[in-house]
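So this one's final33.pdb, PDB, C-alpha atoms, pLDDT in the B column:
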```pdb
MODEL        1
ATOM      1  CA  MET N 208     132.030 -16.912  27.927  1.00 49.00           C
ATOM      2  CA  MET N 209     129.931 -15.305  25.432  1.00 51.00           C
ATOM      3  CA  LYS N 210     126.523 -14.283  26.238  1.00 57.00           C
ATOM      4  CA  ARG N 211     124.040 -15.069  23.627  1.00 60.00           C
ATOM      5  CA  MET N 212     121.958 -12.285  22.412  1.00 60.00           C
ATOM      6  CA  GLN N 213     118.455 -13.316  23.114  1.00 64.00           C
ATOM      7  CA  LYS N 214     115.694 -11.756  21.170  1.00 66.00           C
ATOM      8  CA  GLN N 215     112.794 -10.917  23.430  1.00 69.00           C
ATOM      9  CA  LYS N 216     109.338 -11.337  21.985  1.00 72.00           C
ATOM     10  CA  GLN N 217     106.958  -8.533  22.782  1.00 72.00           C
ATOM     11  CA  GLY N 218     103.487  -9.540  23.949  1.00 76.00           C
ATOM     12  CA  GLY N 219     100.265  -7.860  22.954  1.00 80.00           C
ATOM     13  CA  PHE N 220      97.326  -7.935  20.614  1.00 82.00           C
ATOM     14  CA  THR N 221      97.506  -7.567  16.901  1.00 88.00           C
ATOM     15  CA  LEU N 222      95.414  -5.001  15.093  1.00 90.00           C
ATOM     16  CA  ILE N 223      93.243  -7.737  13.595  1.00 91.00           C
ATOM     17  CA  GLU N 224      92.470  -9.180  17.046  1.00 91.00           C
ATOM     18  CA  ILE N 225      91.459  -5.769  18.393  1.00 92.00           C
ATOM     19  CA  VAL N 226      89.227  -5.071  15.373  1.00 94.00           C
ATOM     20  CA  MET N 227      87.538  -8.478  15.777  1.00 94.00           C
ATOM     21  CA  VAL N 228      86.820  -7.825  19.479  1.00 94.00           C
ATOM     22  CA  ILE N 229      85.342  -4.406  18.672  1.00 95.00           C
ATOM     23  CA  ALA N 230      83.188  -5.940  15.920  1.00 95.00           C
ATOM     24  CA  ILE N 231      81.897  -8.668  18.259  1.00 94.00           C
ATOM     25  CA  LEU N 232      81.084  -6.081  20.967  1.00 93.00           C
ATOM     26  CA  GLY N 233      79.240  -3.989  18.366  1.00 92.00           C
ATOM     27  CA  ILE N 234      77.135  -6.974  17.300  1.00 92.00           C
ATOM     28  CA  LEU N 235      76.314  -7.841  20.921  1.00 89.00           C
ATOM     29  CA  ALA N 236      75.336  -4.238  21.632  1.00 87.00           C
ATOM     30  CA  ALA N 237      73.088  -4.131  18.569  1.00 88.00           C
ATOM     31  CA  VAL N 238      71.289  -7.255  19.764  1.00 87.00           C
ATOM     32  CA  ALA N 239      71.057  -6.324  23.462  1.00 82.00           C
ATOM     33  CA  VAL N 240      70.078  -2.634  23.302  1.00 81.00           C
ATOM     34  CA  PRO N 241      66.557  -3.142  21.859  1.00 79.00           C
ATOM     35  CA  LYS N 242      65.752  -5.520  24.719  1.00 76.00           C
ATOM     36  CA  PHE N 243      66.446  -2.817  27.304  1.00 76.00           C
ATOM     37  CA  VAL N 244      64.954   0.172  25.494  1.00 77.00           C
ATOM     38  CA  ASP N 245      61.338  -0.640  26.373  1.00 74.00           C
ATOM     39  CA  LEU N 246      61.910  -1.433  30.050  1.00 83.00           C
ATOM     40  CA  LYS N 247      60.414   1.863  31.248  1.00 85.00           C
ATOM     41  CA  SER N 248      56.974   1.206  29.766  1.00 86.00           C
ATOM     42  CA  GLU N 249      57.010  -2.390  31.033  1.00 87.00           C
ATOM     43  CA  ALA N 250      57.943  -1.171  34.523  1.00 90.00           C
ATOM     44  CA  SER N 251      55.151   1.434  34.464  1.00 92.00           C
ATOM     45  CA  GLN N 252      52.625  -1.218  33.438  1.00 93.00           C
ATOM     46  CA  ALA N 253      53.860  -3.579  36.165  1.00 94.00           C
ATOM     47  CA  ALA N 254      53.517  -0.816  38.772  1.00 94.00           C
ATOM     48  CA  THR N 255      49.964  -0.059  37.617  1.00 94.00           C
ATOM     49  CA  ASP N 256      49.104  -3.767  37.748  1.00 96.00           C
ATOM     50  CA  GLY N 257      50.504  -3.898  41.288  1.00 94.00           C
ATOM     51  CA  VAL N 258      48.391  -0.976  42.468  1.00 94.00           C
ATOM     52  CA  ALA N 259      45.321  -2.559  40.839  1.00 94.00           C
ATOM     53  CA  GLY N 260      46.046  -5.809  42.678  1.00 94.00           C
ATOM     54  CA  ALA N 261      46.337  -3.935  45.971  1.00 93.00           C
ATOM     55  CA  LEU N 262      42.995  -2.205  45.339  1.00 92.00           C
ATOM     56  CA  SER N 263      41.287  -5.501  44.508  1.00 93.00           C
ATOM     57  CA  SER N 264      42.703  -7.117  47.643  1.00 94.00           C
ATOM     58  CA  ALA N 265      41.708  -4.120  49.797  1.00 92.00           C
ATOM     59  CA  SER N 266      38.182  -4.322  48.435  1.00 92.00           C
ATOM     60  CA  ALA N 267      37.918  -8.032  49.295  1.00 92.00           C
ATOM     61  CA  VAL N 268      39.262  -7.499  52.817  1.00 93.00           C
ATOM     62  CA  ASN N 269      36.898  -4.552  53.311  1.00 91.00           C
ATOM     63  CA  TYR N 270      33.934  -6.659  52.154  1.00 92.00           C
ATOM     64  CA  ALA N 271      34.852  -9.440  54.600  1.00 92.00           C
ATOM     65  CA  ALA N 272      35.275  -7.002  57.511  1.00 91.00           C
ATOM     66  CA  ARG N 273      32.028  -5.176  56.720  1.00 90.00           C
ATOM     67  CA  THR N 274      30.133  -8.470  56.382  1.00 90.00           C
ATOM     68  CA  ALA N 275      31.432  -9.667  59.764  1.00 91.00           C
ATOM     69  CA  ALA N 276      30.509  -6.436  61.550  1.00 88.00           C
ATOM     70  CA  SER N 277      28.700  -3.478  59.979  1.00 85.00           C
ATOM     71  CA  THR N 278      30.716  -1.065  62.105  1.00 88.00           C
ATOM     72  CA  LYS N 279      33.988  -2.185  60.513  1.00 89.00           C
ATOM     73  CA  GLY N 280      35.260  -1.349  57.049  1.00 86.00           C
ATOM     74  CA  SER N 281      33.831   1.227  54.675  1.00 88.00           C
ATOM     75  CA  ALA N 282      30.738   1.382  52.510  1.00 89.00           C
ATOM     76  CA  ILE N 283      31.668   0.953  48.843  1.00 90.00           C
ATOM     77  CA  THR N 284      29.102   2.214  46.350  1.00 90.00           C
ATOM     78  CA  ASP N 285      31.496   3.520  43.692  1.00 90.00           C
ATOM     79  CA  CYS N 286      34.835   2.326  42.278  1.00 89.00           C
ATOM     80  CA  SER N 287      36.566   5.547  43.283  1.00 88.00           C
ATOM     81  CA  LEU N 288      35.761   4.901  46.970  1.00 89.00           C
ATOM     82  CA  VAL N 289      38.064   1.861  46.951  1.00 88.00           C
ATOM     83  CA  SER N 290      41.090   4.182  46.881  1.00 87.00           C
ATOM     84  CA  GLY N 291      40.309   5.228  50.455  1.00 88.00           C
ATOM     85  CA  LEU N 292      40.909   1.653  51.591  1.00 88.00           C
ATOM     86  CA  LEU N 293      44.635   1.958  50.844  1.00 85.00           C
ATOM     87  CA  GLY N 294      45.073   4.848  53.231  1.00 84.00           C
ATOM     88  CA  SER N 295      46.662   7.016  50.575  1.00 86.00           C
ATOM     89  CA  MET N 296      46.575   6.455  46.850  1.00 87.00           C
ATOM     90  CA  PRO N 297      49.975   6.609  45.117  1.00 88.00           C
ATOM     91  CA  SER N 298      50.417   9.805  43.131  1.00 90.00           C
ATOM     92  CA  GLY N 299      49.705   9.676  39.425  1.00 91.00           C
ATOM     93  CA  TYR N 300      46.901   7.091  39.611  1.00 93.00           C
ATOM     94  CA  THR N 301      43.176   7.683  39.060  1.00 92.00           C
ATOM     95  CA  ILE N 302      40.204   5.359  39.267  1.00 92.00           C
ATOM     96  CA  GLY N 303      37.347   5.563  36.791  1.00 89.00           C
ATOM     97  CA  ALA N 304      33.991   6.161  38.463  1.00 83.00           C
ATOM     98  CA  ALA N 305      31.490   3.342  38.197  1.00 86.00           C
ATOM     99  CA  ALA N 306      28.601   2.485  40.501  1.00 89.00           C
ATOM    100  CA  VAL N 307      28.884  -0.683  42.550  1.00 86.00           C
ATOM    101  CA  ALA N 308      25.721  -2.342  43.837  1.00 87.00           C
ATOM    102  CA  ALA N 309      25.798  -3.964  47.277  1.00 86.00           C
ATOM    103  CA  GLY N 310      27.171  -7.497  47.011  1.00 84.00           C
ATOM    104  CA  ALA N 311      28.063  -7.110  43.349  1.00 88.00           C
ATOM    105  CA  ASN N 312      31.494  -7.462  41.790  1.00 90.00           C
ATOM    106  CA  VAL N 313      32.352  -4.698  39.353  1.00 91.00           C
ATOM    107  CA  SER N 314      35.410  -4.378  37.150  1.00 92.00           C
ATOM    108  CA  CYS N 315      36.940  -0.928  37.709  1.00 92.00           C
ATOM    109  CA  THR N 316      39.591   0.803  35.612  1.00 93.00           C
ATOM    110  CA  LEU N 317      42.786   2.212  37.086  1.00 93.00           C
ATOM    111  CA  SER N 318      44.817   4.706  35.038  1.00 93.00           C
ATOM    112  CA  GLY N 319      48.462   5.123  35.891  1.00 92.00           C
ATOM    113  CA  PRO N 320      51.485   7.059  34.738  1.00 90.00           C
ATOM    114  CA  ASN N 321      52.618   6.880  31.093  1.00 87.00           C
ATOM    115  CA  THR N 322      49.056   6.058  29.927  1.00 90.00           C
ATOM    116  CA  THR N 323      49.058   2.627  31.572  1.00 93.00           C
ATOM    117  CA  THR N 324      45.753   1.052  32.583  1.00 94.00           C
ATOM    118  CA  ALA N 325      44.708  -1.959  34.609  1.00 95.00           C
ATOM    119  CA  THR N 326      41.469  -3.337  35.949  1.00 93.00           C
ATOM    120  CA  PHE N 327      40.591  -4.477  39.430  1.00 92.00           C
ATOM    121  CA  THR N 328      37.504  -5.946  41.030  1.00 91.00           C
ATOM    122  CA  ALA N 329      35.528  -3.892  43.545  1.00 91.00           C
ATOM    123  CA  ILE N 330      32.940  -5.565  45.756  1.00 91.00           C
ATOM    124  CA  GLY N 331      30.087  -3.300  46.690  1.00 89.00           C
ATOM    125  CA  ILE N 332      28.799  -3.158  50.250  1.00 89.00           C
ATOM    126  CA  SER N 333      26.726  -0.626  52.104  1.00 84.00           C
TER     127      SER N 333
ENDMDL
END
```
Translate this file's structure into structure tokens.
Amino acid sequence: MMKRMQKQKQGGFTLIEIVMVIAILGILAAVAVPKFVDLKSEASQAATDGVAGALSSASAVNYAARTAASTKGSAITDCSLVSGLLGSMPSGYTIGAAAVAAGANVSCTLSGPNTTTATFTAIGIS
């Protein structure tokens, strides 16, 4: 019996298929890269907003504690004094000084890393 010579077909990608895949990946990269380039500044701003929220919340809790009992909480007569309510202020953040009258709400400015800023509300109490 004669064995038939069978021609085996090699599998693989053609040059055109590989070039098309590379072109598609290049287009996707060109579209996706700009979306991720500015993530650092957005993250810095989000962190500054978070610290400002914590300061605003700490000021409200301090006001409630001080109103309930004058021996509790801390006297707040300046925006910069609110930082002491957090225990320790994260490094790289500064609070603009502004006077706060007793019982008044004042908008204070927080400066963070990478020239980010946010505002928070301080409630004055003596």
Leaving out range 244-260 of chain N and any residue of its chain fewer than 2 positions from it, which residues lie within 12 Å of it when counting only C-alpha atoms, given as a compact mmCIF listing (two decimals) with C-alpha atoms, in the frame of the given file?
```txt
# COMPACT_ATOMS: atom_id res chain seq x y z
CA ALA N 236 75.34 -4.24 21.63
CA ALA N 237 73.09 -4.13 18.57
CA VAL N 238 71.29 -7.26 19.76
CA ALA N 239 71.06 -6.32 23.46
CA VAL N 240 70.08 -2.63 23.30
CA PRO N 241 66.56 -3.14 21.86
CA LYS N 242 65.75 -5.52 24.72
CA LEU N 262 43.00 -2.20 45.34
CA SER N 263 41.29 -5.50 44.51
CA SER N 264 42.70 -7.12 47.64
CA ALA N 265 41.71 -4.12 49.80
CA SER N 266 38.18 -4.32 48.44
CA ALA N 267 37.92 -8.03 49.30
CA CYS N 286 34.84 2.33 42.28
CA VAL N 289 38.06 1.86 46.95
CA SER N 290 41.09 4.18 46.88
CA LEU N 293 44.64 1.96 50.84
CA SER N 295 46.66 7.02 50.58
CA MET N 296 46.58 6.46 46.85
CA PRO N 297 49.98 6.61 45.12
CA SER N 298 50.42 9.80 43.13
CA GLY N 299 49.70 9.68 39.42
CA TYR N 300 46.90 7.09 39.61
CA THR N 301 43.18 7.68 39.06
CA ILE N 302 40.20 5.36 39.27
CA SER N 314 35.41 -4.38 37.15
CA CYS N 315 36.94 -0.93 37.71
CA THR N 316 39.59 0.80 35.61
CA LEU N 317 42.79 2.21 37.09
CA SER N 318 44.82 4.71 35.04
CA GLY N 319 48.46 5.12 35.89
CA PRO N 320 51.48 7.06 34.74
CA ASN N 321 52.62 6.88 31.09
CA THR N 322 49.06 6.06 29.93
CA THR N 323 49.06 2.63 31.57
CA THR N 324 45.75 1.05 32.58
CA ALA N 325 44.71 -1.96 34.61
CA THR N 326 41.47 -3.34 35.95
CA PHE N 327 40.59 -4.48 39.43
CA THR N 328 37.50 -5.95 41.03
CA ALA N 329 35.53 -3.89 43.54
```
(message) Between N:Gly291, N:Gly233, N:Gly280, N:Gly219, which residue has the minimum interatomic distance to Ser333 in chain N, considering only C-alpha atoms?
(response) N:Gly280
(message) What's around Arg273 in chain N at 8 Å? Count all atoms listed in the file, leave out sequence neighbours fewer than 6 positions away in its own chain, and write the answer as a VMD selection string.
(response) chain N and resid 279 to 282 332
(request) Work out how far CA of Ser277 in chain N is from CA of Ala304 in chain N, in Å to one decimal. (result)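 Atom-to-atom, CA of Ala304 in chain N and CA of Ser277 in chain N are spaced 24.2 Å apart.
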Could you work out an axis-aligned bounding box for all listed atoms of range 287-299 of chain N, with 8 Å added on each of the six sides, and give its centre and edge lengths in Å to one decimal, as AutoDock Vina command-line options?
```
--center_x 43.1 --center_y 5.7 --center_z 46.3 --size_x 30.7 --size_y 24.2 --size_z 29.8
```
(request) Choose the residue, out of N:Gln217, N:Asp285, N:Asn312, N:Ile330, that has the smallest atom-to-atom separation from Asn269 in chain N; count all atoms listed in the file. (result)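 Under the stated criterion, the closest residue is N:Ile330.
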(message) Need to verify the contact set: Thr284 in chain N, 6 Å, all atoms listed in the file, exclusion of same-chain residues closer than 3 positions in sequence. Can you return it as number ranges by chain?
(response) N: 306-307, 331
(request) Would you work out the distance separating CA of Tyr270 in chain N from CA of Gly303 in chain N, expressed in Å to one decimal? (result) 19.9 Å
(request) Could you please determine the separation between CA of Phe243 in chain N and CA of Glu224 in chain N in Å, to one decimal place? (result)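 Separation between CA of Phe243 in chain N and CA of Glu224 in chain N: 28.7 Å.
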